[in-house]
$ cat start.pdb   # PDB, C-alpha atoms
ATOM      1  CA  MET S1038      20.223   7.863 -14.795  1.00  0.00           C
ATOM      2  CA  GLU S1039      23.447   5.945 -15.187  1.00  0.00           C
ATOM      3  CA  ILE S1040      24.473   4.842 -11.716  1.00  0.00           C
ATOM      4  CA  SER S1041      28.060   4.267 -12.771  1.00  0.00           C
ATOM      5  CA  ASN S1042      28.320   7.791 -14.157  1.00  0.00           C
ATOM      6  CA  GLU S1043      26.866   9.330 -10.998  1.00  0.00           C
ATOM      7  CA  LEU S1044      29.288   7.348  -8.854  1.00  0.00           C
ATOM      8  CA  GLN S1045      32.250   8.380 -10.955  1.00  0.00           C
ATOM      9  CA  ASP S1046      31.255  12.039 -10.675  1.00  0.00           C
ATOM     10  CA  ILE S1047      31.145  11.744  -6.887  1.00  0.00           C
ATOM     11  CA  TRP S1048      34.388   9.769  -6.622  1.00  0.00           C
ATOM     12  CA  ASP S1049      36.118  12.418  -8.727  1.00  0.00           C
ATOM     13  CA  GLU S1050      35.006  15.068  -6.218  1.00  0.00           C
ATOM     14  CA  LEU S1051      36.007  13.284  -3.038  1.00  0.00           C
ATOM     15  CA  PRO S1052      39.321  14.100  -1.354  1.00  0.00           C
ATOM     16  CA  SER S1053      41.510  11.089  -0.619  1.00  0.00           C
ATOM     17  CA  ASN S1054      40.514  11.081   3.059  1.00  0.00           C
ATOM     18  CA  VAL S1055      36.770  10.950   2.401  1.00  0.00           C
ATOM     19  CA  ARG S1056      34.846   7.732   1.751  1.00  0.00           C
ATOM     20  CA  LEU S1057      31.476   7.351   0.079  1.00  0.00           C
ATOM     21  CA  VAL S1058      28.665   5.451   1.787  1.00  0.00           C
ATOM     22  CA  ALA S1059      26.124   4.707  -0.960  1.00  0.00           C
ATOM     23  CA  VAL S1060      22.772   4.962   0.811  1.00  0.00           C
ATOM     24  CA  SER S1061      20.832   2.123  -0.746  1.00  0.00           C
ATOM     25  CA  LYS S1062      17.770   1.951   1.503  1.00  0.00           C
ATOM     26  CA  PHE S1063      14.478   1.357  -0.315  1.00  0.00           C
ATOM     27  CA  HIS S1064      16.311   0.374  -3.506  1.00  0.00           C
ATOM     28  CA  PRO S1065      16.226  -3.246  -4.718  1.00  0.00           C
ATOM     29  CA  ALA S1066      19.246  -5.538  -4.801  1.00  0.00           C
ATOM     30  CA  GLU S1067      19.633  -5.355  -8.578  1.00  0.00           C
ATOM     31  CA  VAL S1068      20.122  -1.590  -8.327  1.00  0.00           C
ATOM     32  CA  LEU S1069      22.789  -2.097  -5.684  1.00  0.00           C
ATOM     33  CA  MET S1070      24.502  -4.569  -8.012  1.00  0.00           C
ATOM     34  CA  GLU S1071      24.803  -1.841 -10.637  1.00  0.00           C
ATOM     35  CA  ALA S1072      26.710   0.267  -8.132  1.00  0.00           C
ATOM     36  CA  TYR S1073      28.724  -2.742  -6.991  1.00  0.00           C
ATOM     37  CA  ASN S1074      29.707  -3.583 -10.561  1.00  0.00           C
ATOM     38  CA  ALA S1075      30.813   0.019 -11.018  1.00  0.00           C
ATOM     39  CA  GLY S1076      33.192  -0.406  -8.078  1.00  0.00           C
ATOM     40  CA  GLN S1077      31.256   0.820  -5.032  1.00  0.00           C
ATOM     41  CA  ARG S1078      31.780  -1.358  -1.942  1.00  0.00           C
ATOM     42  CA  ILE S1079      30.341   0.603   1.017  1.00  0.00           C
ATOM     43  CA  PHE S1080      26.552   0.657   1.284  1.00  0.00           C
ATOM     44  CA  GLY S1081      24.355   2.243   3.947  1.00  0.00           C
ATOM     45  CA  GLU S1082      20.998   0.902   5.122  1.00  0.00           C
ATOM     46  CA  SER S1083      18.596   2.175   7.784  1.00  0.00           C
ATOM     47  CA  LYS S1084      16.152  -0.724   8.199  1.00  0.00           C
ATOM     48  CA  VAL S1085      17.348  -3.948   9.821  1.00  0.00           C
ATOM     49  CA  GLN S1086      15.025  -6.264   7.905  1.00  0.00           C
ATOM     50  CA  GLU S1087      15.989  -4.730   4.571  1.00  0.00           C
ATOM     51  CA  LEU S1088      19.686  -4.838   5.411  1.00  0.00           C
ATOM     52  CA  THR S1089      19.664  -8.500   6.411  1.00  0.00           C
ATOM     53  CA  ALA S1090      17.705  -9.469   3.305  1.00  0.00           C
ATOM     54  CA  LYS S1091      20.199  -7.711   1.037  1.00  0.00           C
ATOM     55  CA  TYR S1092      23.170  -9.135   2.907  1.00  0.00           C
ATOM     56  CA  GLU S1093      21.919 -12.659   2.206  1.00  0.00           C
ATOM     57  CA  ILE S1094      21.815 -12.251  -1.568  1.00  0.00           C
ATOM     58  CA  LEU S1095      24.535  -9.719  -2.371  1.00  0.00           C
ATOM     59  CA  PRO S1096      28.335 -10.217  -2.593  1.00  0.00           C
ATOM     60  CA  LYS S1097      30.029 -10.832   0.718  1.00  0.00           C
ATOM     61  CA  ASP S1098      32.828  -8.293   0.209  1.00  0.00           C
ATOM     62  CA  ILE S1099      30.333  -5.452   0.597  1.00  0.00           C
ATOM     63  CA  GLU S1100      31.027  -3.262   3.632  1.00  0.00           C
ATOM     64  CA  TRP S1101      27.629  -2.678   5.219  1.00  0.00           C
ATOM     65  CA  HIS S1102      27.053   0.449   7.284  1.00  0.00           C
ATOM     66  CA  PHE S1103      23.901   0.824   9.377  1.00  0.00           C
ATOM     67  CA  ILE S1104      22.845   4.471   9.374  1.00  0.00           C
ATOM     68  CA  GLY S1105      19.295   4.528  10.766  1.00  0.00           C
ATOM     69  CA  HIS S1106      17.753   4.545  14.216  1.00  0.00           C
ATOM     70  CA  LEU S1107      18.539   1.139  15.709  1.00  0.00           C
ATOM     71  CA  GLN S1108      16.209  -0.591  18.147  1.00  0.00           C
ATOM     72  CA  THR S1109      17.901  -2.745  20.768  1.00  0.00           C
ATOM     73  CA  ASN S1110      15.796  -5.804  19.906  1.00  0.00           C
ATOM     74  CA  LYS S1111      17.122  -5.720  16.317  1.00  0.00           C
ATOM     75  CA  ILE S1112      20.852  -5.513  17.119  1.00  0.00           C
ATOM     76  CA  LYS S1113      21.398  -9.276  17.067  1.00  0.00           C
ATOM     77  CA  TYR S1114      20.383  -9.535  13.414  1.00  0.00           C
ATOM     78  CA  ILE S1115      23.080  -7.219  12.057  1.00  0.00           C
ATOM     79  CA  VAL S1116      25.991  -7.629  14.482  1.00  0.00           C
ATOM     80  CA  PRO S1117      27.409 -10.759  12.782  1.00  0.00           C
ATOM     81  CA  PHE S1118      28.156  -8.923   9.519  1.00  0.00           C
ATOM     82  CA  VAL S1119      27.790  -5.144   9.819  1.00  0.00           C
ATOM     83  CA  SER S1120      31.017  -3.140   9.393  1.00  0.00           C
ATOM     84  CA  MET S1121      29.965   0.073  11.114  1.00  0.00           C
ATOM     85  CA  ILE S1122      26.958   1.460  12.980  1.00  0.00           C
ATOM     86  CA  HIS S1123      26.731   5.231  12.495  1.00  0.00           C
ATOM     87  CA  SER S1124      23.724   5.841  14.716  1.00  0.00           C
ATOM     88  CA  ILE S1125      24.614   5.085  18.336  1.00  0.00           C
ATOM     89  CA  ASP S1126      22.329   7.588  20.046  1.00  0.00           C
ATOM     90  CA  SER S1127      22.262   6.386  23.660  1.00  0.00           C
ATOM     91  CA  VAL S1128      24.463   4.728  26.264  1.00  0.00           C
ATOM     92  CA  ASN S1129      22.006   1.840  26.521  1.00  0.00           C
ATOM     93  CA  LEU S1130      22.215   1.147  22.791  1.00  0.00           C
ATOM     94  CA  LEU S1131      26.019   1.169  22.903  1.00  0.00           C
ATOM     95  CA  GLN S1132      26.017  -1.291  25.803  1.00  0.00           C
ATOM     96  CA  GLU S1133      23.602  -3.594  23.996  1.00  0.00           C
ATOM     97  CA  VAL S1134      25.713  -3.566  20.824  1.00  0.00           C
ATOM     98  CA  ASP S1135      28.740  -4.417  22.970  1.00  0.00           C
ATOM     99  CA  LYS S1136      26.844  -7.311  24.540  1.00  0.00           C
ATOM    100  CA  TYR S1137      25.721  -8.859  21.256  1.00  0.00           C
ATOM    101  CA  ALA S1138      29.117  -8.310  19.646  1.00  0.00           C
ATOM    102  CA  GLY S1139      30.655 -10.238  22.530  1.00  0.00           C
ATOM    103  CA  LYS S1140      28.296 -13.143  21.887  1.00  0.00           C
ATOM    104  CA  VAL S1141      29.597 -13.518  18.335  1.00  0.00           C
ATOM    105  CA  GLY S1142      33.211 -12.791  19.248  1.00  0.00           C
ATOM    106  CA  LYS S1143      33.452  -9.625  17.191  1.00  0.00           C
ATOM    107  CA  LYS S1144      34.454  -5.994  17.654  1.00  0.00           C
ATOM    108  CA  ILE S1145      31.978  -3.580  16.098  1.00  0.00           C
ATOM    109  CA  ASN S1146      32.984  -0.173  14.784  1.00  0.00           C
ATOM    110  CA  VAL S1147      30.512   2.492  15.900  1.00  0.00           C
ATOM    111  CA  LEU S1148      29.959   6.233  15.665  1.00  0.00           C
ATOM    112  CA  LEU S1149      28.244   8.302  18.332  1.00  0.00           C
ATOM    113  CA  GLN S1150      25.341  10.223  16.815  1.00  0.00           C
ATOM    114  CA  ILE S1151      25.297  13.854  17.962  1.00  0.00           C
ATOM    115  CA  HIS S1152      22.116  15.919  17.720  1.00  0.00           C
ATOM    116  CA  ILE S1153      23.158  19.013  15.782  1.00  0.00           C
ATOM    117  CA  ALA S1154      19.954  19.873  13.907  1.00  0.00           C
ATOM    118  CA  LYS S1155      17.259  22.320  14.961  1.00  0.00           C
ATOM    119  CA  GLU S1156      14.640  19.626  14.357  1.00  0.00           C
ATOM    120  CA  GLU S1157      13.386  17.673  17.355  1.00  0.00           C
ATOM    121  CA  THR S1158      12.737  14.600  15.211  1.00  0.00           C
ATOM    122  CA  LYS S1159      16.448  13.855  14.888  1.00  0.00           C
ATOM    123  CA  TYR S1160      18.061  11.426  17.320  1.00  0.00           C
ATOM    124  CA  GLY S1161      21.392  11.700  19.085  1.00  0.00           C
ATOM    125  CA  PHE S1162      23.382  12.723  22.138  1.00  0.00           C
ATOM    126  CA  THR S1163      23.609  16.381  23.025  1.00  0.00           C
ATOM    127  CA  GLU S1164      27.198  17.552  23.473  1.00  0.00           C
ATOM    128  CA  ASP S1165      26.679  17.679  27.247  1.00  0.00           C
ATOM    129  CA  GLU S1166      25.307  14.125  27.328  1.00  0.00           C
ATOM    130  CA  CYS S1167      28.234  12.908  25.263  1.00  0.00           C
ATOM    131  CA  TYR S1168      30.766  14.619  27.541  1.00  0.00           C
ATOM    132  CA  GLU S1169      29.059  13.164  30.606  1.00  0.00           C
ATOM    133  CA  PHE S1170      29.116   9.661  29.158  1.00  0.00           C
ATOM    134  CA  LEU S1171      32.752   9.772  28.037  1.00  0.00           C
ATOM    135  CA  ASN S1172      33.990  11.445  31.204  1.00  0.00           C
ATOM    136  CA  SER S1173      32.345   8.694  33.245  1.00  0.00           C
ATOM    137  CA  GLY S1174      34.700   6.184  31.624  1.00  0.00           C
ATOM    138  CA  THR S1175      31.866   3.712  30.972  1.00  0.00           C
ATOM    139  CA  HIS S1176      32.941   3.259  27.365  1.00  0.00           C
ATOM    140  CA  LYS S1177      36.309   1.920  28.505  1.00  0.00           C
ATOM    141  CA  THR S1178      34.574  -1.119  30.013  1.00  0.00           C
ATOM    142  CA  LEU S1179      33.037  -2.090  26.653  1.00  0.00           C
ATOM    143  CA  ASN S1180      35.476  -4.509  25.078  1.00  0.00           C
ATOM    144  CA  ASN S1181      33.537  -5.408  21.939  1.00  0.00           C
ATOM    145  CA  ILE S1182      33.139  -1.996  20.327  1.00  0.00           C
ATOM    146  CA  ASN S1183      35.471   0.545  18.768  1.00  0.00           C
ATOM    147  CA  ILE S1184      34.242   4.129  19.029  1.00  0.00           C
ATOM    148  CA  CYS S1185      35.531   5.413  15.702  1.00  0.00           C
ATOM    149  CA  GLY S1186      34.102   8.920  15.692  1.00  0.00           C
ATOM    150  CA  LEU S1187      30.889  10.914  15.393  1.00  0.00           C
ATOM    151  CA  MET S1188      27.884  11.199  13.100  1.00  0.00           C
ATOM    152  CA  GLY S1189      25.525  14.123  12.650  1.00  0.00           C
ATOM    153  CA  MET S1190      22.596  15.185  10.470  1.00  0.00           C
ATOM    154  CA  ALA S1191      22.157  18.845   9.654  1.00  0.00           C
ATOM    155  CA  THR S1192      18.827  20.661   9.719  1.00  0.00           C
ATOM    156  CA  LEU S1193      16.772  20.141   6.565  1.00  0.00           C
ATOM    157  CA  THR S1194      16.890  23.711   5.289  1.00  0.00           C
ATOM    158  CA  GLU S1195      17.927  25.710   2.248  1.00  0.00           C
ATOM    159  CA  ASP S1196      19.933  28.011   4.531  1.00  0.00           C
ATOM    160  CA  ILE S1197      23.464  26.976   3.558  1.00  0.00           C
ATOM    161  CA  ASN S1198      25.014  29.068   6.303  1.00  0.00           C
ATOM    162  CA  ALA S1199      22.949  27.271   8.946  1.00  0.00           C
ATOM    163  CA  VAL S1200      24.007  23.871   7.595  1.00  0.00           C
ATOM    164  CA  ARG S1201      27.638  24.937   7.454  1.00  0.00           C
ATOM    165  CA  SER S1202      27.464  26.207  11.029  1.00  0.00           C
ATOM    166  CA  GLU S1203      26.089  22.879  12.264  1.00  0.00           C
ATOM    167  CA  PHE S1204      28.764  20.865  10.457  1.00  0.00           C
ATOM    168  CA  ARG S1205      31.485  23.211  11.653  1.00  0.00           C
ATOM    169  CA  GLY S1206      30.249  22.863  15.213  1.00  0.00           C
ATOM    170  CA  LEU S1207      30.319  19.071  14.977  1.00  0.00           C
ATOM    171  CA  TYR S1208      33.856  19.134  13.585  1.00  0.00           C
ATOM    172  CA  SER S1209      34.928  21.331  16.476  1.00  0.00           C
ATOM    173  CA  PHE S1210      33.288  18.977  18.978  1.00  0.00           C
ATOM    174  CA  PHE S1211      34.958  15.993  17.282  1.00  0.00           C
ATOM    175  CA  ASN S1212      38.368  17.622  17.711  1.00  0.00           C
ATOM    176  CA  LYS S1213      37.691  18.399  21.373  1.00  0.00           C
ATOM    177  CA  LEU S1214      36.800  14.761  22.057  1.00  0.00           C
ATOM    178  CA  LYS S1215      39.796  13.546  20.085  1.00  0.00           C
ATOM    179  CA  GLN S1216      42.086  15.687  22.210  1.00  0.00           C
ATOM    180  CA  LYS S1217      40.437  15.081  25.571  1.00  0.00           C
ATOM    181  CA  ASN S1218      38.999  11.559  25.459  1.00  0.00           C
ATOM    182  CA  PHE S1219      40.603   9.723  22.537  1.00  0.00           C
ATOM    183  CA  SER S1220      44.088  11.195  22.210  1.00  0.00           C
ATOM    184  CA  SER S1221      45.709   7.756  22.383  1.00  0.00           C
ATOM    185  CA  ASP S1222      43.014   5.922  20.412  1.00  0.00           C
ATOM    186  CA  ASP S1223      43.835   5.569  16.712  1.00  0.00           C
ATOM    187  CA  ASN S1224      40.336   4.222  16.026  1.00  0.00           C
ATOM    188  CA  PHE S1225      38.765   7.626  16.668  1.00  0.00           C
ATOM    189  CA  GLY S1226      39.090   9.353  13.325  1.00  0.00           C
ATOM    190  CA  GLU S1227      35.767   9.277  11.463  1.00  0.00           C
ATOM    191  CA  LEU S1228      33.261  12.082  11.058  1.00  0.00           C
ATOM    192  CA  SER S1229      30.115  11.010   9.217  1.00  0.00           C
ATOM    193  CA  MET S1230      28.236  14.043   7.943  1.00  0.00           C
ATOM    194  CA  GLY S1231      26.798  15.131   4.637  1.00  0.00           C
ATOM    195  CA  MET S1232      24.109  13.692   2.366  1.00  0.00           C
ATOM    196  CA  SER S1233      23.078  14.236  -1.245  1.00  0.00           C
ATOM    197  CA  ASP S1234      22.032  17.870  -0.760  1.00  0.00           C
ATOM    198  CA  ASP S1235      24.820  19.047   1.541  1.00  0.00           C
ATOM    199  CA  TYR S1236      27.838  16.758   1.181  1.00  0.00           C
ATOM    200  CA  HIS S1237      29.956  19.422  -0.539  1.00  0.00           C
ATOM    201  CA  ILE S1238      29.604  21.618   2.539  1.00  0.00           C
ATOM    202  CA  ALA S1239      30.243  18.649   4.835  1.00  0.00           C
ATOM    203  CA  ILE S1240      33.487  17.817   3.056  1.00  0.00           C
ATOM    204  CA  GLU S1241      34.643  21.425   3.336  1.00  0.00           C
ATOM    205  CA  GLU S1242      33.893  21.262   7.070  1.00  0.00           C
ATOM    206  CA  GLY S1243      35.829  18.063   7.781  1.00  0.00           C
ATOM    207  CA  SER S1244      33.660  15.054   6.964  1.00  0.00           C
ATOM    208  CA  THR S1245      35.408  11.713   6.319  1.00  0.00           C
ATOM    209  CA  LEU S1246      32.257   9.726   5.448  1.00  0.00           C
ATOM    210  CA  VAL S1247      29.502  11.108   3.222  1.00  0.00           C
ATOM    211  CA  ARG S1248      26.146   9.312   3.029  1.00  0.00           C
ATOM    212  CA  ILE S1249      24.762   9.792  -0.474  1.00  0.00           C
ATOM    213  CA  GLY S1250      21.643   8.107  -1.820  1.00  0.00           C
ATOM    214  CA  SER S1251      19.308   9.961  -4.177  1.00  0.00           C
ATOM    215  CA  LYS S1252      22.142  11.538  -6.173  1.00  0.00           C
ATOM    216  CA  ILE S1253      23.347   8.028  -7.032  1.00  0.00           C
ATOM    217  CA  PHE S1254      20.166   5.971  -7.227  1.00  0.00           C
ATOM    218  CA  GLY S1255      17.462   8.550  -7.912  1.00  0.00           C
ATOM    219  CA  GLU S1256      14.348   8.915  -5.808  1.00  0.00           C
ATOM    220  CA  ARG S1257      13.682   6.081  -3.400  1.00  0.00           C
ATOM    221  CA  GLN S1258      11.331   3.272  -4.340  1.00  0.00           C
ATOM    222  CA  TYR S1259       9.332   2.731  -1.154  1.00  0.00           C
ATOM    223  CA  TYR S1260       8.051  -0.780  -0.658  1.00  0.00           C
TER
END
$ encode --input "start.pdb" --output "structure tokens"
Amino acid sequence: MEISNELQDIWDELPSNVRLVAVSKFHPAEVLMEAYNAGQRIFGESKVQELTAKYEILPKDIEWHFIGHLQTNKIKYIVPFVSMIHSIDSVNLLQEVDKYAGKVGKKINVLLQIHIAKEETKYGFTEDECYEFLNSGTHKTLNNINICGLMGMATLTEDINAVRSEFRGLYSFFNKLKQKNFSSDDNFGELSMGMSDDYHIAIEEGSTLVRIGSKIFGERQYY
């Protein structure tokens, strides 16, 4: 597989308002460099140790996005350099990110992860929990984070209509929050949804960030 060719095919498909997050987890640094040399600059990782190791040895103009479940005791390792955290799935985690960002004098861009799948194994706020949190105004006291939008993962199913329904529901929820809670906040504009198997549907349903791994890099090399 030619990584550069796969990237070009994806770039050619993406509307101008949609950015590609190349999901590079479990792939070695030299593979990421192939994508980097082809022009890709946004990479997504889901393991803190792997992300920090790659950050140390790869070019510093890479925009690193953390997309996995984040434990509070690991926040401090990525805050100094991460560009965006997609997977804020609790109020406590958001507060901890704010705290560590303050320690390094940085504002961190984050997305609130919303549980839209039928699978219990997925993380995230329910819509009701998200409304409750935002209506409480707690987020307005956090000075070291920018809430830039939402992230969601669809159910792992071959039922395209089910996937489309979940993405469409998240887009609708995003618009409700934009109107009600973030109408004067220009930061709130990102909707991260869609992976290798369903990103075409996600784009049609309003995604602005697609997280694509296996289509670019092939099957993951677990190590």
$ resolve_selection --input "start.pdb" --expression "the PyMOL selection byres ((chain S and resi 1053-1066) around 9)" --output "JSON, numbers by chain"
{"S": [1044, 1047, 1048, 1051, 1052, 1067, 1068, 1069, 1070, 1071, 1072, 1077, 1078, 1079, 1080, 1081, 1082, 1083, 1084, 1087, 1088, 1091, 1094, 1095, 1101, 1102, 1104, 1232, 1240, 1243, 1244, 1245, 1246, 1247, 1248, 1249, 1250, 1251, 1253, 1254, 1257, 1258, 1259, 1260]}
$ closest_residue --input "start.pdb" --among "S:Gly1142, S:Pro1096, S:Gly1174, S:Gly1226" --to "Val1128 in chain S" --atoms "all atoms listed in the file"
S:Gly1174
$ atom_distance --input "start.pdb" --atom1 "CA of Ile1112 in chain S" --atom2 "CA of Val1085 in chain S"
8.2 Å
$ closest_atom_pairs --input "start.pdb" --of "range 1172-1211 of chain S" --to "range 1222-1225 of chain S" --cutoff "8 Å" --atoms "all atoms listed in the file" --output "JSON lines"
{"residue": "S:Asn1183", "atom": "CA", "partner": "S:Asn1224", "partner_atom": "CA", "distance": 6.7}
{"residue": "S:Ile1184", "atom": "CA", "partner": "S:Phe1225", "partner_atom": "CA", "distance": 6.2}
{"residue": "S:Cys1185", "atom": "CA", "partner": "S:Phe1225", "partner_atom": "CA", "distance": 4.0}
{"residue": "S:Gly1186", "atom": "CA", "partner": "S:Phe1225", "partner_atom": "CA", "distance": 4.9}
$ residues_near_point --input "start.pdb" --point "(17.8, 18.5, 14.2)" --cutoff "12 Å" --atoms "only C-alpha atoms" --output "PyMOL selection string"
chain S and resi 1150-1163+1189-1194+1199-1200+1203-1204
$ resolve_selection --input "start.pdb" --expression "the PyMOL selection byres ((chain S and resi 1115) around 10)" --output "PyMOL selection string"
chain S and resi 1085-1086+1088-1089+1092+1101-1103+1111-1114+1116-1120+1122+1134+1137-1138
$ residues_near_point --input "start.pdb" --point "(35.2, 10.8, 18.5)" --cutoff "12 Å" --atoms "all atoms listed in the file" --output "PyMOL selection string"
chain S and resi 1123+1146-1151+1164+1167-1168+1171+1176+1183-1189+1207-1229
$ atom_distance --input "start.pdb" --atom1 "CA of Asp1046 in chain S" --atom2 "CA of Ala1075 in chain S"
12.0 Å
$ closest_residue --input "start.pdb" --among "S:Ala1090, S:Val1141, S:Glu1166, S:Ser1173" --to "Asp1126 in chain S" --atoms "only C-alpha atoms"
S:Glu1166
$ axis_aligned_box --input "start.pdb" --around "range 1168-1171 of chain S" --padding-each-side "6 Å" --output "JSON"
{"center_x": 30.9, "center_y": 12.1, "center_z": 29.1, "size_x": 15.7, "size_y": 17.0, "size_z": 15.1}
$ atom_distance --input "start.pdb" --atom1 "CA of Asn1042 in chain S" --atom2 "CA of Tyr1236 in chain S"
17.8 Å
